[in-house]
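For reference, input-v4.txt (compact mmCIF, C-alpha atoms):
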```
# COMPACT_ATOMS: atom_id res chain seq x y z
CA VAL E 1 61.69 -102.44 -30.87
CA ASN E 2 62.71 -102.74 -27.24
CA LEU E 3 61.51 -99.19 -26.64
CA LEU E 4 58.08 -100.03 -28.05
CA ARG E 5 57.90 -103.37 -26.22
CA ALA E 6 58.44 -101.63 -22.89
CA ARG E 7 55.51 -99.33 -23.61
CA LEU E 8 53.06 -102.04 -24.66
CA PRO E 9 50.22 -102.54 -22.16
CA LYS E 10 49.50 -105.90 -20.60
CA LEU E 11 46.35 -107.56 -21.94
CA PHE E 12 44.02 -109.48 -19.62
CA TYR E 13 41.35 -111.52 -21.38
CA PHE E 14 38.36 -112.84 -19.45
CA SER E 15 35.67 -115.05 -20.90
CA ASP E 16 34.90 -116.51 -17.48
CA TYR E 17 36.19 -116.32 -13.95
CA SER E 18 35.59 -118.06 -10.66
CA SER E 19 32.74 -116.73 -8.55
CA LEU E 20 32.86 -116.42 -4.80
CA GLU E 21 31.64 -119.27 -2.67
CA GLY E 22 29.49 -118.70 0.38
CA ARG E 23 31.71 -120.82 2.63
CA ILE E 24 35.48 -120.39 2.40
CA ASP E 25 38.28 -122.35 4.05
CA VAL E 26 40.35 -119.62 5.73
CA ALA E 27 43.55 -121.69 5.40
CA ALA E 28 43.15 -121.61 1.61
CA LEU E 29 43.07 -117.80 1.66
CA ALA E 30 46.58 -117.70 3.09
CA ALA E 31 47.92 -120.28 0.63
CA GLY E 32 48.91 -117.83 -2.08
CA ASP E 33 47.52 -115.78 -4.91
CA GLY E 34 47.05 -115.99 -8.65
CA GLN E 35 45.72 -114.22 -11.69
CA ILE E 36 42.61 -112.17 -11.13
CA GLY E 37 39.52 -114.37 -11.14
CA SER E 38 41.55 -117.56 -11.56
CA SER E 39 39.91 -119.31 -8.60
CA ALA E 40 37.18 -118.81 -6.02
CA ASP E 41 39.86 -118.42 -3.34
CA GLN E 42 41.63 -115.71 -5.35
CA THR E 43 38.33 -113.84 -5.73
CA ALA E 44 37.80 -114.17 -1.97
CA ARG E 45 41.27 -112.72 -1.32
CA ALA E 46 40.40 -109.81 -3.61
CA LEU E 47 37.18 -109.31 -1.63
CA LEU E 48 39.10 -109.07 1.65
CA ARG E 49 41.56 -106.61 0.14
CA LEU E 50 38.62 -104.53 -1.07
CA ALA E 51 37.43 -104.38 2.55
CA SER E 52 40.99 -103.63 3.79
CA THR E 53 41.19 -106.72 5.98
CA THR E 54 43.07 -110.03 6.22
CA PRO E 55 42.22 -113.63 7.12
CA GLU E 56 44.23 -113.16 10.34
CA ALA E 57 42.16 -110.14 11.40
CA LEU E 58 38.92 -112.05 10.80
CA THR E 59 40.02 -115.02 12.92
CA GLU E 60 41.30 -113.24 16.05
CA ASP E 61 41.11 -115.40 19.16
CA ASP E 62 39.47 -112.61 21.14
CA TYR E 63 35.73 -112.71 20.45
CA GLU E 64 35.14 -108.96 20.68
CA ASP E 65 38.05 -108.15 18.36
CA ARG E 66 36.93 -110.80 15.87
CA LYS E 67 33.30 -109.74 15.97
CA ALA E 68 34.17 -106.06 15.53
CA GLU E 69 36.29 -106.83 12.46
CA LEU E 70 33.62 -109.06 10.92
CA GLU E 71 30.98 -106.37 11.39
CA ALA E 72 33.26 -103.66 9.99
CA VAL E 73 34.01 -105.75 6.90
CA GLY E 74 30.32 -106.50 6.34
CA HIS E 75 29.46 -102.81 6.58
CA GLU E 76 32.27 -101.79 4.21
CA LEU E 77 31.34 -104.35 1.57
CA THR E 78 27.65 -103.50 1.82
CA SER E 79 28.44 -99.87 1.03
CA GLN E 80 30.79 -100.81 -1.83
CA VAL E 81 28.57 -103.40 -3.53
CA PHE E 82 25.25 -101.60 -3.13
CA GLU E 83 26.67 -98.39 -4.47
CA TYR E 84 26.21 -100.19 -7.81
CA TRP E 85 23.75 -103.07 -7.30
CA LYS E 86 20.39 -101.29 -7.25
CA GLN E 87 18.10 -104.28 -7.87
CA ASN E 88 17.46 -104.85 -4.17
CA THR E 89 18.64 -102.17 -1.77
CA ASN E 90 17.29 -104.08 1.25
CA LEU E 91 20.25 -106.47 1.31
CA ARG E 92 23.19 -106.31 3.71
CA VAL E 93 26.40 -108.35 3.64
CA GLN E 94 27.39 -110.20 6.79
CA PHE E 95 30.50 -112.20 7.62
CA ASP E 96 30.78 -114.94 10.22
CA ILE E 97 33.39 -117.43 11.38
CA ASP E 98 32.63 -121.12 11.89
CA ARG E 99 35.17 -123.40 13.52
CA ILE E 100 35.31 -127.20 13.48
CA ILE E 101 36.65 -128.17 16.91
CA GLU E 102 37.90 -131.64 17.83
CA GLN E 103 38.20 -132.82 21.42
CA VAL E 104 41.56 -134.61 21.77
CA GLN E 105 41.53 -134.87 25.55
CA PRO E 106 38.82 -134.36 28.16
CA THR E 107 40.02 -130.80 28.76
CA HIS E 108 41.81 -130.05 25.50
CA HIS E 109 40.29 -129.05 22.16
CA VAL E 110 41.94 -128.39 18.80
CA ILE E 111 40.59 -126.19 16.00
CA LYS E 112 40.70 -128.40 12.91
CA LYS E 113 39.13 -126.05 10.37
CA THR E 114 38.09 -122.42 10.24
CA TYR E 115 35.56 -121.26 7.68
CA LEU E 116 34.55 -117.77 6.63
CA ASP E 117 30.83 -117.68 5.90
CA ILE E 118 29.42 -114.93 3.69
CA ARG E 119 25.79 -114.32 4.46
CA VAL E 120 23.26 -111.88 3.05
CA GLU E 121 20.60 -110.27 5.22
CA ASP E 122 17.29 -109.24 3.70
CA THR E 123 16.14 -106.42 5.97
CA ARG E 124 12.72 -106.25 4.33
CA HIS E 125 11.83 -109.86 5.06
CA ALA E 126 13.98 -110.19 8.21
CA PHE E 127 16.03 -113.25 7.33
CA THR E 128 19.56 -114.18 6.28
CA ASN E 129 20.86 -116.91 4.01
CA ASN E 130 24.18 -118.02 2.64
CA PHE E 131 25.66 -116.05 -0.25
CA GLY E 132 25.70 -119.26 -2.31
CA GLN E 133 21.89 -119.42 -2.10
CA ARG E 134 21.33 -116.00 -3.64
CA SER E 135 20.40 -115.52 -7.29
CA SER E 136 23.01 -116.30 -9.93
CA GLY E 137 22.89 -112.68 -11.13
CA PHE E 138 23.64 -111.24 -7.69
CA ARG E 139 26.45 -113.74 -7.08
CA TRP E 140 27.95 -112.96 -10.50
CA PHE E 141 27.82 -109.18 -9.94
CA PHE E 142 29.20 -109.39 -6.39
CA SER E 143 32.07 -111.62 -7.52
CA PHE E 144 32.81 -109.44 -10.56
CA LEU E 145 33.07 -106.33 -8.41
CA ALA E 146 35.33 -108.09 -5.91
CA ALA E 147 37.63 -109.53 -8.56
CA PHE E 148 37.98 -106.54 -10.85
CA THR E 149 38.56 -103.84 -8.25
CA GLU E 150 42.00 -105.51 -8.06
CA PHE E 151 42.94 -103.49 -11.13
CA GLU E 152 42.48 -100.22 -9.26
CA GLY E 153 45.81 -100.58 -7.49
CA ARG E 154 47.90 -101.23 -10.60
CA ASN E 155 50.30 -98.58 -11.82
CA GLU E 156 51.21 -100.36 -15.05
CA PRO E 157 49.38 -99.86 -18.38
CA VAL E 158 46.67 -102.52 -18.64
CA VAL E 159 43.90 -103.37 -21.12
CA VAL E 160 41.08 -105.57 -19.80
CA LEU E 161 39.21 -107.60 -22.43
CA LEU E 162 35.78 -108.87 -21.33
CA ASP E 163 34.00 -111.41 -23.49
CA GLU E 164 30.19 -111.17 -23.08
CA PRO E 165 30.10 -109.95 -19.46
CA GLY E 166 26.87 -110.06 -17.48
CA LEU E 167 25.06 -112.80 -19.39
CA THR E 168 23.22 -113.86 -16.21
CA LEU E 169 22.02 -110.32 -15.48
CA HIS E 170 18.67 -108.90 -16.56
CA ALA E 171 18.42 -105.53 -18.31
CA ARG E 172 18.45 -103.19 -15.30
CA ALA E 173 21.28 -105.11 -13.65
CA GLN E 174 23.31 -104.84 -16.86
CA GLY E 175 22.91 -101.07 -16.46
CA ASP E 176 24.40 -101.40 -12.95
CA LEU E 177 27.30 -103.38 -14.41
CA LEU E 178 27.91 -100.75 -17.07
CA ARG E 179 28.00 -98.02 -14.44
CA PHE E 180 30.56 -99.99 -12.40
CA ILE E 181 32.72 -100.51 -15.49
CA ASN E 182 32.60 -96.81 -16.36
CA GLU E 183 33.07 -95.40 -12.87
CA ARG E 184 35.47 -97.87 -11.26
CA LEU E 185 37.09 -100.23 -13.72
CA ALA E 186 37.56 -97.94 -16.73
CA SER E 187 38.87 -95.16 -14.50
CA ALA E 188 41.79 -97.43 -13.61
CA VAL E 189 42.46 -99.35 -16.84
CA GLN E 190 41.33 -99.42 -20.45
CA VAL E 191 38.35 -101.75 -20.95
CA LEU E 192 37.12 -103.43 -24.14
CA TYR E 193 34.13 -105.76 -24.05
CA THR E 194 32.03 -107.71 -26.52
CA THR E 195 28.29 -108.04 -26.13
CA HIS E 196 25.12 -109.07 -27.92
CA SER E 197 23.00 -107.21 -25.38
CA PRO E 198 21.50 -103.84 -26.39
CA PHE E 199 21.50 -102.91 -22.69
CA LEU E 200 25.31 -102.86 -22.64
CA VAL E 201 25.49 -100.47 -25.59
CA GLU E 202 25.59 -96.82 -24.55
CA THR E 203 23.52 -95.04 -27.19
CA ASP E 204 24.72 -91.65 -25.96
CA LYS E 205 28.33 -92.76 -26.55
CA ILE E 206 27.84 -94.52 -29.87
CA ASP E 207 31.28 -93.40 -31.04
CA ARG E 208 32.76 -96.01 -28.70
CA VAL E 209 30.93 -98.88 -30.43
CA ARG E 210 32.42 -101.08 -33.14
CA ILE E 211 30.39 -103.68 -35.01
CA VAL E 212 32.21 -106.98 -35.52
CA GLU E 213 31.08 -109.50 -38.12
CA ASP E 214 32.21 -113.06 -38.62
CA GLY E 215 33.45 -113.17 -42.20
CA GLY E 216 34.17 -116.90 -42.15
```

Take the structure in this file and express it as structure tokens.
Amino acid sequence: VNLLRARLPKLFYFSDYSSLEGRIDVAALAAGDGQIGSSADQTARALLRLASTTPEALTEDDYEDRKAELEAVGHELTSQVFEYWKQNTNLRVQFDIDRIIEQVQPTHHVIKKTYLDIRVEDTRHAFTNNFGQRSSGFRWFFSFLAAFTEFEGRNEPVVVLLDEPGLTLHARAQGDLLRFINERLASAVQVLYTTHSPFLVETDKIDRVRIVEDGG
């Protein structure tokens, strides 16, 4: 029994998870970690790891160092996300730092809060807006990719159970999600998902499909 127990994979069940926010308190990012997708801050930490950066690197005191890191992270995440999100290829991810500064003496200022702002540039229409103002489908997909690439670095046997993923996505975007699951997530761990959507059923791989009926 102990021999079998040691070989059993860990099961991770997700019916929902916390999406990224467009404005993140940097102090909260350094406060700890948790289960994948358990909070918006945890998803944000996963996003920074995906871009191979840290909150400290993004908040350097030197402007040029800070700006270079923010631009590098934006470029890296743009290439990662839009490798799969094909619904609007004119979008670019941008990161910025906003600081709340309090004057405590005539010549002395204290940084009270530091925020990481995620912005999205639309190169076709030449404007940017906050990530939180984008469509629910884009925010869901972006957050899903950030959260679930965390499984790529695990060396232990894992089975990921997804309950009705991509409900906010339209048909073509569900195809993007399926490609991400096949190429990135399923290459790292075993994935099982339930769906009522015909667009998440691969008709050329029908042997993978199991029909489940409620016999109650």

Separating atom CA of E:Val159 from atom CA of E:Ser197, to the nearest tenth of an Å, is a gap of 21.7 Å

Quick one: everything within 12 Å of E:Asn88, counting all atoms listed in the file, minus sequence neighbours fewer than 3 positions away in the same chain. Send it as a PDB file with C-alpha atoms, in the coordinates of the input.
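Printed below is selection.pdb as written:
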```
ATOM      1  CA  THR E  78      27.650-103.500   1.820  1.00  0.00           C
ATOM      2  CA  VAL E  81      28.570-103.400  -3.530  1.00  0.00           C
ATOM      3  CA  PHE E  82      25.250-101.600  -3.130  1.00  0.00           C
ATOM      4  CA  GLU E  83      26.670 -98.390  -4.470  1.00  0.00           C
ATOM      5  CA  TYR E  84      26.210-100.190  -7.810  1.00  0.00           C
ATOM      6  CA  TRP E  85      23.750-103.070  -7.300  1.00  0.00           C
ATOM      7  CA  LEU E  91      20.250-106.470   1.310  1.00  0.00           C
ATOM      8  CA  ARG E  92      23.190-106.310   3.710  1.00  0.00           C
ATOM      9  CA  VAL E 120      23.260-111.880   3.050  1.00  0.00           C
ATOM     10  CA  GLU E 121      20.600-110.270   5.220  1.00  0.00           C
ATOM     11  CA  ASP E 122      17.290-109.240   3.700  1.00  0.00           C
ATOM     12  CA  THR E 123      16.140-106.420   5.970  1.00  0.00           C
ATOM     13  CA  ARG E 124      12.720-106.250   4.330  1.00  0.00           C
ATOM     14  CA  HIS E 125      11.830-109.860   5.060  1.00  0.00           C
ATOM     15  CA  ARG E 134      21.330-116.000  -3.640  1.00  0.00           C
ATOM     16  CA  SER E 135      20.400-115.520  -7.290  1.00  0.00           C
ATOM     17  CA  GLY E 137      22.890-112.680 -11.130  1.00  0.00           C
ATOM     18  CA  PHE E 138      23.640-111.240  -7.690  1.00  0.00           C
ATOM     19  CA  ARG E 172      18.450-103.190 -15.300  1.00  0.00           C
ATOM     20  CA  ALA E 173      21.280-105.110 -13.650  1.00  0.00           C
ATOM     21  CA  ASP E 176      24.400-101.400 -12.950  1.00  0.00           C
TER      22      ASP E 176
END
```

Here's a test: counting only C-alpha atoms, identify every protein, DNA and RNA residue with an atom at most 8 Å from (25.0, -109.9, 8.4) in the file's coordinate frame, and state them as a ChimeraX atom specification.
/E:71,74,92-96,119-121,128

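Using only C-alpha atoms, the shortest contact distance between E:Asn129 and any of E:Val209, E:Val160, E:Gly22, E:Leu200 is found at E:Gly22.
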
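When only C-alpha atoms are used to measure the gap to E:Ile181, the shortest distance among E:Asp41, E:Glu152, E:Asp62, E:Asp16 belongs to E:Glu152.
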
Report task. Name the residues in contact with E:Ala147 at a cut-off of 6 Å, using all atoms listed in the file, excluding same-chain residues fewer than 2 positions from it; report them as an NGL selection string. Result -> :E and (37 or 43 or 46 or 144-145 or 149-150)

**Prompt:** Restricting the calculation to all atoms listed in the file, which member of E:Val189, E:Asp25, E:Ala171, E:Lys86 is positioned closest to E:Ile100?
**Reply:**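 Using all atoms listed in the file, the shortest distance to E:Ile100 belongs to E:Asp25.
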
Excluding E:Tyr115 and its own-chain neighbours fewer than 2 positions away, which residues fall within 9 Å of it when counting only C-alpha atoms? Please give them as a PDB file with C-alpha atoms, in the frame of the given file.
```pdb
ATOM      1  CA  ARG E  23      31.710-120.820   2.630  1.00  0.00           C
ATOM      2  CA  ILE E  24      35.480-120.390   2.400  1.00  0.00           C
ATOM      3  CA  ASP E  25      38.280-122.350   4.050  1.00  0.00           C
ATOM      4  CA  VAL E  26      40.350-119.620   5.730  1.00  0.00           C
ATOM      5  CA  ALA E  27      43.550-121.690   5.400  1.00  0.00           C
ATOM      6  CA  ASP E  96      30.780-114.940  10.220  1.00  0.00           C
ATOM      7  CA  ILE E  97      33.390-117.430  11.380  1.00  0.00           C
ATOM      8  CA  ASP E  98      32.630-121.120  11.890  1.00  0.00           C
ATOM      9  CA  ARG E  99      35.170-123.400  13.520  1.00  0.00           C
ATOM     10  CA  ILE E 100      35.310-127.200  13.480  1.00  0.00           C
ATOM     11  CA  LYS E 113      39.130-126.050  10.370  1.00  0.00           C
ATOM     12  CA  ASP E 117      30.830-117.680   5.900  1.00  0.00           C
TER      13      ASP E 117
END
```

_For a quick check of understanding, using only C-alpha atoms, which of E:Phe127, E:Leu192, E:Gln87, E:Thr114 has the smallest distance to E:Gln174?_
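Among E:Phe127, E:Leu192, E:Gln87, E:Thr114, it is E:Gln87 that comes nearest to E:Gln174.
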
Practice problem: Would you list the contacts of E:Val191 as a count of residues only, taking every protein, DNA or RNA residue within 12 Å and counting all atoms listed in the file, but skipping same-chain residues closer than 3 positions in sequence? | Solution: 28

note - atom CA of E:Gly175 and atom CA of E:Phe141 are separated by 11.5 Å

Using all atoms listed in the file, the shortest atom-to-atom distance to E:Glu164 among E:Ser15, E:Asn2, E:Asn130, E:Gln103 belongs to E:Ser15

Extending 8 Å beyond the listed atoms of stretch 3-22 of chain E on each side, what axis-aligned box results? I want centre and edge lengths in Å to one decimal, as AutoDock Vina command-line options.
```
--center_x 45.5 --center_y -109.2 --center_z -13.8 --size_x 48.0 --size_y 36.1 --size_z 44.4
```

Next on the checklist: Using all atoms listed in the file for the distances, tell me which of E:Leu4, E:Ile118, E:Ala146, E:Leu167 is nearest to E:Gln42.
Outcome noted: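 Using all atoms listed in the file, E:Gln42 sits closest to E:Ala146.
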
*asked:* Would you pick out the contacts of E:Arg66 at 12 Å or less, using only C-alpha atoms, so that residues sharing its chain but fewer than 5 positions from it are not included, and give the list as a PyMOL selection string?
replied: chain E and resi 53-61+71-73+95-98+116

note - atom CA of E:His75 and atom CA of E:Phe142 are separated by 14.5 Å

Some atoms are missing, so please complete stretch 138-165 of chain E with N, CA and C atoms and return it as a PDB file, in the frame of the given file.
```pdb
ATOM      1  N   PHE E 138      23.033-111.961  -8.809  1.00  0.00           N
ATOM      2  CA  PHE E 138      23.640-111.240  -7.690  1.00  0.00           C
ATOM      3  C   PHE E 138      25.022-111.800  -7.381  1.00  0.00           C
ATOM      4  N   ARG E 139      25.147-113.132  -7.369  1.00  0.00           N
ATOM      5  CA  ARG E 139      26.450-113.740  -7.080  1.00  0.00           C
ATOM      6  C   ARG E 139      27.472-113.364  -8.148  1.00  0.00           C
ATOM      7  N   TRP E 140      27.036-113.328  -9.413  1.00  0.00           N
ATOM      8  CA  TRP E 140      27.950-112.960 -10.500  1.00  0.00           C
ATOM      9  C   TRP E 140      28.416-111.515 -10.317  1.00  0.00           C
ATOM     10  N   PHE E 141      27.482-110.600 -10.066  1.00  0.00           N
ATOM     11  CA  PHE E 141      27.820-109.180  -9.940  1.00  0.00           C
ATOM     12  C   PHE E 141      28.745-108.946  -8.747  1.00  0.00           C
ATOM     13  N   PHE E 142      28.405-109.533  -7.607  1.00  0.00           N
ATOM     14  CA  PHE E 142      29.200-109.390  -6.390  1.00  0.00           C
ATOM     15  C   PHE E 142      30.616-109.886  -6.636  1.00  0.00           C
ATOM     16  N   SER E 143      30.762-111.041  -7.257  1.00  0.00           N
ATOM     17  CA  SER E 143      32.070-111.620  -7.520  1.00  0.00           C
ATOM     18  C   SER E 143      32.852-110.786  -8.529  1.00  0.00           C
ATOM     19  N   PHE E 144      32.163-110.279  -9.552  1.00  0.00           N
ATOM     20  CA  PHE E 144      32.810-109.440 -10.560  1.00  0.00           C
ATOM     21  C   PHE E 144      33.389-108.193  -9.909  1.00  0.00           C
ATOM     22  N   LEU E 145      32.592-107.540  -9.068  1.00  0.00           N
ATOM     23  CA  LEU E 145      33.070-106.330  -8.410  1.00  0.00           C
ATOM     24  C   LEU E 145      34.274-106.640  -7.540  1.00  0.00           C
ATOM     25  N   ALA E 146      34.202-107.737  -6.779  1.00  0.00           N
ATOM     26  CA  ALA E 146      35.330-108.090  -5.910  1.00  0.00           C
ATOM     27  C   ALA E 146      36.588-108.355  -6.711  1.00  0.00           C
ATOM     28  N   ALA E 147      36.454-109.133  -7.784  1.00  0.00           N
ATOM     29  CA  ALA E 147      37.630-109.530  -8.560  1.00  0.00           C
ATOM     30  C   ALA E 147      38.251-108.360  -9.303  1.00  0.00           C
ATOM     31  N   PHE E 148      37.434-107.523  -9.911  1.00  0.00           N
ATOM     32  CA  PHE E 148      37.980-106.540 -10.850  1.00  0.00           C
ATOM     33  C   PHE E 148      38.374-105.217 -10.202  1.00  0.00           C
ATOM     34  N   THR E 149      38.000-104.999  -8.944  1.00  0.00           N
ATOM     35  CA  THR E 149      38.560-103.840  -8.250  1.00  0.00           C
ATOM     36  C   THR E 149      40.047-104.033  -7.988  1.00  0.00           C
ATOM     37  N   GLU E 150      40.556-105.258  -8.173  1.00  0.00           N
ATOM     38  CA  GLU E 150      42.000-105.510  -8.060  1.00  0.00           C
ATOM     39  C   GLU E 150      42.802-104.649  -9.022  1.00  0.00           C
ATOM     40  N   PHE E 151      42.214-104.284 -10.140  1.00  0.00           N
ATOM     41  CA  PHE E 151      42.940-103.490 -11.130  1.00  0.00           C
ATOM     42  C   PHE E 151      43.143-102.043 -10.684  1.00  0.00           C
ATOM     43  N   GLU E 152      42.390-101.621  -9.677  1.00  0.00           N
ATOM     44  CA  GLU E 152      42.480-100.220  -9.260  1.00  0.00           C
ATOM     45  C   GLU E 152      43.836 -99.869  -8.670  1.00  0.00           C
ATOM     46  N   GLY E 153      44.522-100.855  -8.122  1.00  0.00           N
ATOM     47  CA  GLY E 153      45.810-100.580  -7.490  1.00  0.00           C
ATOM     48  C   GLY E 153      47.003-100.747  -8.402  1.00  0.00           C
ATOM     49  N   ARG E 154      46.791-100.992  -9.671  1.00  0.00           N
ATOM     50  CA  ARG E 154      47.900-101.230 -10.600  1.00  0.00           C
ATOM     51  C   ARG E 154      48.385 -99.913 -11.197  1.00  0.00           C
ATOM     52  N   ASN E 155      49.699 -99.775 -11.243  1.00  0.00           N
ATOM     53  CA  ASN E 155      50.300 -98.580 -11.820  1.00  0.00           C
ATOM     54  C   ASN E 155      50.802 -98.796 -13.235  1.00  0.00           C
ATOM     55  N   GLU E 156      50.730-100.032 -13.716  1.00  0.00           N
ATOM     56  CA  GLU E 156      51.210-100.360 -15.050  1.00  0.00           C
ATOM     57  C   GLU E 156      50.086-100.212 -16.068  1.00  0.00           C
ATOM     58  N   PRO E 157      50.433 -99.945 -17.356  1.00  0.00           N
ATOM     59  CA  PRO E 157      49.380 -99.860 -18.380  1.00  0.00           C
ATOM     60  C   PRO E 157      48.737-101.222 -18.623  1.00  0.00           C
ATOM     61  N   VAL E 158      47.412-101.260 -18.555  1.00  0.00           N
ATOM     62  CA  VAL E 158      46.670-102.520 -18.640  1.00  0.00           C
ATOM     63  C   VAL E 158      45.456-102.314 -19.531  1.00  0.00           C
ATOM     64  N   VAL E 159      45.146-103.331 -20.351  1.00  0.00           N
ATOM     65  CA  VAL E 159      43.900-103.370 -21.120  1.00  0.00           C
ATOM     66  C   VAL E 159      43.145-104.622 -20.691  1.00  0.00           C
ATOM     67  N   VAL E 160      41.920-104.454 -20.223  1.00  0.00           N
ATOM     68  CA  VAL E 160      41.080-105.570 -19.800  1.00  0.00           C
ATOM     69  C   VAL E 160      40.096-105.885 -20.920  1.00  0.00           C
ATOM     70  N   LEU E 161      40.097-107.141 -21.353  1.00  0.00           N
ATOM     71  CA  LEU E 161      39.210-107.600 -22.430  1.00  0.00           C
ATOM     72  C   LEU E 161      38.150-108.508 -21.818  1.00  0.00           C
ATOM     73  N   LEU E 162      36.891-108.100 -21.907  1.00  0.00           N
ATOM     74  CA  LEU E 162      35.780-108.870 -21.330  1.00  0.00           C
ATOM     75  C   LEU E 162      34.931-109.434 -22.460  1.00  0.00           C
ATOM     76  N   ASP E 163      34.776-110.739 -22.453  1.00  0.00           N
ATOM     77  CA  ASP E 163      34.000-111.410 -23.490  1.00  0.00           C
ATOM     78  C   ASP E 163      32.605-111.712 -22.954  1.00  0.00           C
ATOM     79  N   GLU E 164      31.600-110.973 -23.449  1.00  0.00           N
ATOM     80  CA  GLU E 164      30.190-111.170 -23.080  1.00  0.00           C
ATOM     81  C   GLU E 164      29.974-111.120 -21.561  1.00  0.00           C
ATOM     82  N   PRO E 165      30.339-110.026 -20.908  1.00  0.00           N
ATOM     83  CA  PRO E 165      30.100-109.950 -19.460  1.00  0.00           C
ATOM     84  C   PRO E 165      28.615-109.802 -19.152  1.00  0.00           C
TER      85      PRO E 165
END
```
